[in-house]
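Let me begin by presenting the structure, written as structure tokens, before commenting on it.
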Amino acid sequence: MVKVAVFGGGWAGCAAAIEARKAGADVELVERTDMLLGTGLVGGIMRNNGRFTVAEELKAMGANELIDLIDNNSLHKNIDFPGHEHSSLYNVAIIESEVRDLVHKMGIKTIFQMRGKEVRLKDNKVTEVLLDDGSKMKADAFIDATGSAGPIENCTKHGNGCVMCIYRCPTFGGRISISEKAGVKESQGKKEDGSTGAMSGSCKLIKESLAKDIQDRLKNAGVCIVPVPKDLQKKDALELKVCQQYAHKEYQENIILLDCGNSKMMTAYYPLSVLRNIPGFEKARFADPISAGIGNSMRLMSSVPRDNTMQVQNIDNLYCAGEKAGFLVGHTEAICTGTLAGYNAVKKVKGEKPLEISRNLAIGEGIAFNLEQMQTEEGLQNRYTFSGTILFERIKELDLYTTDIGDIKARVEENGLTNIYK
Ligand SMILES: Cc1cc2nc3c(=O)[nH]c(=O)nc-3n(C[C@H](O)[C@H](O)[C@H](O)COP(=O)(O)OP(=O)(O)OC[C@H]3O[C@@H](n4cnc5c(N)ncnc54)[C@H](O)[C@@H]3O)c2cc1C
């Protein structure tokens with residue numbers, strides 16, 4: 001039986017593990033912390049803009065498990081907020097245990113509180129990865145889904161220090177890139193001013209710390225938009241963010257809250273003393289990062305060169321997915337690249353031709369366009385998401401964005417990809 005080892009249990013790693021398992025592999029998933037989903041533990045927004053098309057393409061291709069699970073655990077569906085249409089919001093409070101159950105039911109072995117930390121290679125192939133406890137993980141193929149956030153040294157050097165985010169580096173140790181340990185040269189994202197990295201673009205407030213009418217509006221509509229008096233607006237709110245898709249002026253002039261279980265505030269951070277002067281936020285408290293009055297986690301610190309099958313350049317049996325695979329930001333982006341990586345890792349070991357998804361589909365165009373852009377200097381300043389910025393513009397231009405599920409199924413069928421992932 002083919003054996004696949006996946007490093008990183010975020011959305012990308014979970015999707016990769018699930019698809020490799022469906023393709024018949026014996027799969028072990030190694031995760032640094034005590035929970036799956038990584039940054040997905042504090043996210044929640046799905047199906048906004050082009051992510052809707054991608055979610056339905058995945059379903060038509062037979063990779064429906066995670067999309068269905070997320071849909072079934074969404075608190076709000078088909079909601080709009082500035083620049084974003086037909087979004088759904090999953091419940092961050094319960095999603096992890098649901099995904100963990102699914103992964104275990106599928107027979108995927110999980111190893112928590114463990115990092116891959118050294119890589120052994122022979123003839124352009126990874127032979128084994130050494131784990132934190134000194135044991136060795138051997139496999140036929142390896143998937144690097146270790147993300148791009150932190151560790152603390154990066155948050156200190158390029159951000160406002162450790163702000164105690166969901167990554168919890170002081171507890172579990174920092175992120176370690178498998179590809180980098182295999183000798184692959186990685187790239188780092190740049191901000192507009194040329195400095196390194198990007199700050200995560202949203203934080204969470206404890207719902208009960210907000211005024212009752214804000215709580216009610218969030219519960220009923222999923223969204224609550226509170227205008228901010230001019231003198232209390234955060235001037236740097238837009239430049240810093242990873243999430244360029246939310247860098248509209250509405251996000252500076254208002255506090256935009258979304259109900260993802262916690263109340264998600266669509267700005268990187270907000271000084272608590274300023275926030276508490278805004279009506280309705282007099283008792284506000286942050287849930288994530290715990291120090292979101294000071295800053296947020298730094299991301300896009302580690303991207304690996306790859307091809308369109310998700311194979312890491314020059315290493316025959318190492319695949320990559322998610323943020324690691326080219327500043328592809330978002331849960332949907334992690335799931336579609338993870339699924340492809342898991343599928344192709346098994347194909348490659350079996351000696352079959354790995355899949356490149358046609359550019360007639362939003363997923364295929366996204367993966368290929370991202371790769372082209374990452375090879376340019378200015379491409380390192382962009383973030384790639386189906387929900388906004390240049391990638392969403394691109395799929396709109398090419399007429400690949402649609403919310404017509406019938407059309408999406410037909411397009412997948414025309415490209416011979418219906419149920420390819422089943
Ligand atoms: C605050 C915040 C809010 C967000 N909100 C949204 C949202 O609403 N909607 C959306 O679509 N996107 C959102 N995003 C972006 C989205 O969460 C990510 O782009 C996506 O989930 C990345 O998934 P990933 O699996 O590639 O990486 P990650 O989620 O970073 O997962 C990587 C995993 O690898 C583990 N790991 C690291 N090194 C090792 C190692 N050596 N061995 C084993 N494990 C290791 C880490 O512990 C982690 O669990 C948000 C991000 C943040 C930070």
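Going by the structure tokens order, chains are called A, B, ..., each with residues numbered from 1, while ligands are numbered from 1 in the order shown.
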
Fill in: Spatial neighbours of A:Cys224, max dist 12 Å, only C-alpha atoms, sep filter under 4 positions, as a PyMOL selection string
chain A and resi 79-82+207+210-211+213-220+254-259+263-266+280

Worksheet item: Counting only C-alpha atoms and all ligand atoms, which protein, DNA or RNA residues come within 6 Å of ligand 1, given as a ChimeraX atom specification?
Response: /A:7-13,30-33,36-40,42-46,115-117,145-149,175-177,200,202-203,322-324,329-332,334

May I have a table of the residues of stretch 271-352 of chain A lying at most 9 Å from stretch 47-70 of chain A, giving each one's closest pair of atoms and their distance in Å to one decimal, counting only C-alpha atoms, ordered by chain and ascending residue number, as a Markdown table?
| residue | atom | partner | partner_atom | distance |
| --- | --- | --- | --- | --- |
| A:Thr332 | CA | A:Arg51 | CA | 6.4 |
| A:Glu333 | CA | A:Arg51 | CA | 8.0 |
| A:Ile335 | CA | A:Leu66 | CA | 7.9 |
| A:Cys336 | CA | A:Leu58 | CA | 7.0 |
| A:Thr339 | CA | A:Ala63 | CA | 7.4 |

Discussion item. List the spatial neighbours of A:Thr171 as a list in words - criterion: any atom at most 12 Å away, only C-alpha atoms, same-chain residues fewer than 5 positions off excluded.
Written reply: Arg32, Thr33, Asp34, Gln113, Met114, Pro151, Ile152, Met164, Cys165 and Ile166 of chain A

With N, CA, C and O atoms retained, write the just-selected residues as a PDB file, in the first residue's frame.
ATOM      1  N   ARG A  32       1.432  20.017  14.534  1.00  0.00           N
ATOM      2  CA  ARG A  32       2.258  20.638  15.592  1.00  0.00           C
ATOM      3  C   ARG A  32       1.482  20.894  16.885  1.00  0.00           C
ATOM      4  O   ARG A  32       2.027  20.795  17.987  1.00  0.00           O
ATOM      5  N   THR A  33       0.208  21.255  16.796  1.00  0.00           N
ATOM      6  CA  THR A  33      -0.556  21.647  17.984  1.00  0.00           C
ATOM      7  C   THR A  33      -1.477  20.501  18.437  1.00  0.00           C
ATOM      8  O   THR A  33      -1.346  19.375  17.972  1.00  0.00           O
ATOM      9  N   ASP A  34      -2.426  20.830  19.296  1.00  0.00           N
ATOM     10  CA  ASP A  34      -3.356  19.801  19.774  1.00  0.00           C
ATOM     11  C   ASP A  34      -4.689  19.807  19.010  1.00  0.00           C
ATOM     12  O   ASP A  34      -5.624  19.130  19.398  1.00  0.00           O
ATOM     13  N   GLN A 113       0.691  17.371  18.497  1.00  0.00           N
ATOM     14  CA  GLN A 113       1.781  17.919  19.304  1.00  0.00           C
ATOM     15  C   GLN A 113       3.143  17.388  18.859  1.00  0.00           C
ATOM     16  O   GLN A 113       3.968  16.964  19.665  1.00  0.00           O
ATOM     17  N   MET A 114       3.298  17.373  17.554  1.00  0.00           N
ATOM     18  CA  MET A 114       4.542  16.848  16.984  1.00  0.00           C
ATOM     19  C   MET A 114       4.853  17.615  15.711  1.00  0.00           C
ATOM     20  O   MET A 114       3.948  17.910  14.928  1.00  0.00           O
ATOM     21  N   PRO A 151       7.278  31.779  12.672  1.00  0.00           N
ATOM     22  CA  PRO A 151       7.168  31.690  14.129  1.00  0.00           C
ATOM     23  C   PRO A 151       7.464  33.039  14.817  1.00  0.00           C
ATOM     24  O   PRO A 151       7.590  34.048  14.143  1.00  0.00           O
ATOM     25  N   ILE A 152       7.604  32.996  16.132  1.00  0.00           N
ATOM     26  CA  ILE A 152       7.700  34.227  16.924  1.00  0.00           C
ATOM     27  C   ILE A 152       8.776  35.183  16.395  1.00  0.00           C
ATOM     28  O   ILE A 152       8.560  36.385  16.326  1.00  0.00           O
ATOM     29  N   MET A 164       0.012  36.366  20.853  1.00  0.00           N
ATOM     30  CA  MET A 164      -0.720  35.206  21.391  1.00  0.00           C
ATOM     31  C   MET A 164      -1.895  34.845  20.495  1.00  0.00           C
ATOM     32  O   MET A 164      -3.057  34.894  20.895  1.00  0.00           O
ATOM     33  N   CYS A 165      -1.575  34.458  19.287  1.00  0.00           N
ATOM     34  CA  CYS A 165      -2.616  34.094  18.313  1.00  0.00           C
ATOM     35  C   CYS A 165      -2.888  32.603  18.409  1.00  0.00           C
ATOM     36  O   CYS A 165      -2.275  31.894  19.199  1.00  0.00           O
ATOM     37  N   ILE A 166      -3.767  32.145  17.570  1.00  0.00           N
ATOM     38  CA  ILE A 166      -4.203  30.741  17.588  1.00  0.00           C
ATOM     39  C   ILE A 166      -3.048  29.779  17.258  1.00  0.00           C
ATOM     40  O   ILE A 166      -3.107  28.611  17.588  1.00  0.00           O
TER      41      ILE A 166
END

Worksheet, complete the sentence: From atom CA of A:Asn314 to atom CA of A:Gly379 the spacing works out at 21.7 Å

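Distances to A:Tyr269 were evaluated for A:Arg359, A:Lys191, A:Arg285, A:Lys353 using only C-alpha atoms, and the minimum falls at A:Arg285.
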
Discussion item. Among stretch 61-268 of chain A, which residues does DSSP mark as helix (DSSP H, G or I) when it is run on the backbone? Keep the chain and numbering as in the structure and answer as a PyMOL selection string.
Written reply: chain A and resi 65-72+95-105+152-158+169-172+178-181+207-209+212-221+230-232+244-246+250-253

Item to complete: Mind giving me the straight-line distance from atom CA of A:Gln233 to atom CA of A:Asn277 in Å, one decimal?
Response: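 Computed distance, atom CA of A:Gln233 to atom CA of A:Asn277, equals 11.0 Å.
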
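The space separating atom CA of A:Ala141 from atom CA of A:Ala321 comes to 13.7 Å.
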
Discussion item. Just checking: using only C-alpha atoms, which residue out of A:Gly342, A:Gly364, A:Gly159, A:Gly183 ends up closest to A:Lys22?
Written reply: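 With only C-alpha atoms as the atom set, the closest residue is A:Gly342.
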
Worksheet item: Any idea what's packed within 10 Å of A:Ala5, counting only C-alpha atoms, ignoring anything in its chain fewer than 6 positions away? Could you give it as a count of residues only?
Response: 24

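Counting only C-alpha atoms, the residue from A:Leu398, A:Cys320, A:Val274, A:Cys14 that sits nearest to A:Met106 is A:Cys14.
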
Worksheet entry | Residues flagged strand (DSSP E or B) by DSSP in stretch 166-345 of chain A, as an NGL selection string | :A and (187 or 190 or 196 or 198-199 or 203-205 or 223-227 or 241 or 254-260 or 262-265 or 286-288 or 298-299 or 303 or 306 or 311-312 or 318-320 or 328)

Could you save the residues just selected, with N, CA and C atoms, as a compact mmCIF listing (two decimals), in the first residue's frame?
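Once everything was written out, this is part.txt:
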# COMPACT_ATOMS: atom_id res chain seq x y z
N SER A 187 10.21 31.72 -0.85
CA SER A 187 10.07 33.19 -0.97
C SER A 187 9.21 33.70 0.17
N LYS A 190 5.77 40.34 0.29
CA LYS A 190 6.21 41.73 0.56
C LYS A 190 4.98 42.61 0.71
N THR A 196 8.88 42.97 4.59
CA THR A 196 8.56 41.54 4.49
C THR A 196 7.28 41.14 5.22
N ALA A 198 3.12 39.88 5.85
CA ALA A 198 1.84 40.59 5.87
C ALA A 198 1.15 40.21 7.17
N MET A 199 0.42 41.17 7.72
CA MET A 199 -0.23 40.91 8.99
C MET A 199 -1.61 40.32 8.77
N CYS A 203 -9.49 39.93 13.49
CA CYS A 203 -9.34 39.43 14.86
C CYS A 203 -10.73 39.13 15.41
N LYS A 204 -10.79 38.55 16.60
CA LYS A 204 -12.09 38.14 17.14
C LYS A 204 -12.35 38.82 18.48
N LEU A 205 -13.59 39.28 18.65
CA LEU A 205 -14.00 39.84 19.93
C LEU A 205 -14.92 38.86 20.64
N VAL A 223 -24.06 39.82 10.04
CA VAL A 223 -23.17 40.96 9.80
C VAL A 223 -23.63 42.13 10.65
N CYS A 224 -22.69 42.93 11.13
CA CYS A 224 -23.06 44.18 11.81
C CYS A 224 -22.02 45.23 11.43
N ILE A 225 -22.48 46.34 10.88
CA ILE A 225 -21.56 47.39 10.42
C ILE A 225 -21.75 48.61 11.31
N VAL A 226 -20.70 49.00 12.02
CA VAL A 226 -20.79 50.11 12.97
C VAL A 226 -19.88 51.25 12.49
N PRO A 227 -20.45 52.42 12.13
CA PRO A 227 -19.61 53.54 11.69
C PRO A 227 -18.68 53.99 12.82
N LYS A 241 -2.62 44.62 5.72
CA LYS A 241 -3.31 43.33 5.77
C LYS A 241 -2.86 42.28 4.76
N ASN A 254 -15.67 51.97 9.05
CA ASN A 254 -16.62 51.23 9.90
C ASN A 254 -15.92 50.10 10.60
N ILE A 255 -16.53 49.64 11.67
CA ILE A 255 -16.13 48.33 12.19
C ILE A 255 -17.10 47.34 11.58
N ILE A 256 -16.53 46.37 10.85
CA ILE A 256 -17.39 45.36 10.21
C ILE A 256 -17.22 44.06 10.98
N LEU A 257 -18.31 43.61 11.55
CA LEU A 257 -18.29 42.38 12.36
C LEU A 257 -19.06 41.28 11.65
N LEU A 258 -18.56 40.06 11.75
CA LEU A 258 -19.26 38.90 11.17
C LEU A 258 -19.41 37.84 12.26
N ASP A 259 -20.53 37.16 12.23
CA ASP A 259 -20.79 36.13 13.24
C ASP A 259 -20.29 34.77 12.77
N CYS A 260 -19.08 34.42 13.21
CA CYS A 260 -18.51 33.10 12.88
C CYS A 260 -18.42 32.27 14.17
N ASN A 262 -17.55 33.27 17.18
CA ASN A 262 -17.07 34.49 17.82
C ASN A 262 -17.49 35.65 16.95
N SER A 263 -17.26 36.90 17.42
CA SER A 263 -17.55 37.97 16.47
C SER A 263 -16.24 38.41 15.82
N LYS A 264 -16.20 38.18 14.52
CA LYS A 264 -14.98 38.42 13.75
C LYS A 264 -14.94 39.88 13.34
N MET A 265 -13.87 40.58 13.71
CA MET A 265 -13.74 41.99 13.37
C MET A 265 -12.77 42.10 12.20
N PHE A 286 -10.82 41.11 23.47
CA PHE A 286 -10.38 40.27 22.36
C PHE A 286 -10.35 38.79 22.77
N ALA A 287 -10.77 37.95 21.81
CA ALA A 287 -10.66 36.51 22.01
C ALA A 287 -9.46 35.97 21.25
N ASP A 288 -9.19 36.54 20.06
CA ASP A 288 -8.05 36.10 19.25
C ASP A 288 -7.61 37.19 18.31
N MET A 298 2.02 37.42 11.85
CA MET A 298 2.61 37.71 10.54
C MET A 298 2.54 36.44 9.70
N ARG A 299 2.14 36.65 8.44
CA ARG A 299 2.02 35.47 7.55
C ARG A 299 2.76 35.74 6.22
N SER A 303 6.93 30.55 1.14
CA SER A 303 6.23 29.96 -0.01
C SER A 303 7.22 29.19 -0.86
N ARG A 306 6.78 25.46 -6.98
CA ARG A 306 6.05 24.21 -7.28
C ARG A 306 5.65 24.20 -8.74
N GLN A 311 3.57 19.59 -7.10
CA GLN A 311 4.86 19.01 -6.69
C GLN A 311 5.87 20.12 -6.43
N VAL A 312 6.59 19.99 -5.33
CA VAL A 312 7.64 20.95 -5.00
C VAL A 312 8.78 20.78 -6.01
N LEU A 318 7.73 15.15 -3.05
CA LEU A 318 7.26 16.14 -2.06
C LEU A 318 6.24 17.07 -2.73
N TYR A 319 5.06 17.13 -2.15
CA TYR A 319 3.99 17.99 -2.67
C TYR A 319 3.71 19.09 -1.64
N CYS A 320 3.04 20.15 -2.08
CA CYS A 320 2.74 21.25 -1.17
C CYS A 320 1.32 21.74 -1.40
N LEU A 328 -1.48 31.65 -1.45
CA LEU A 328 -2.90 31.40 -1.72
C LEU A 328 -3.62 31.51 -0.40

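For A:Gly194, the non-local neighbours within 12 Å, defined as residues at least 5 positions apart in the same chain or in other chains and counting only C-alpha atoms, are His158, Gln188, Gly189, Glu239, Leu240, Glu377, Glu378, Leu380, Gln381 and Asn382 of chain A.
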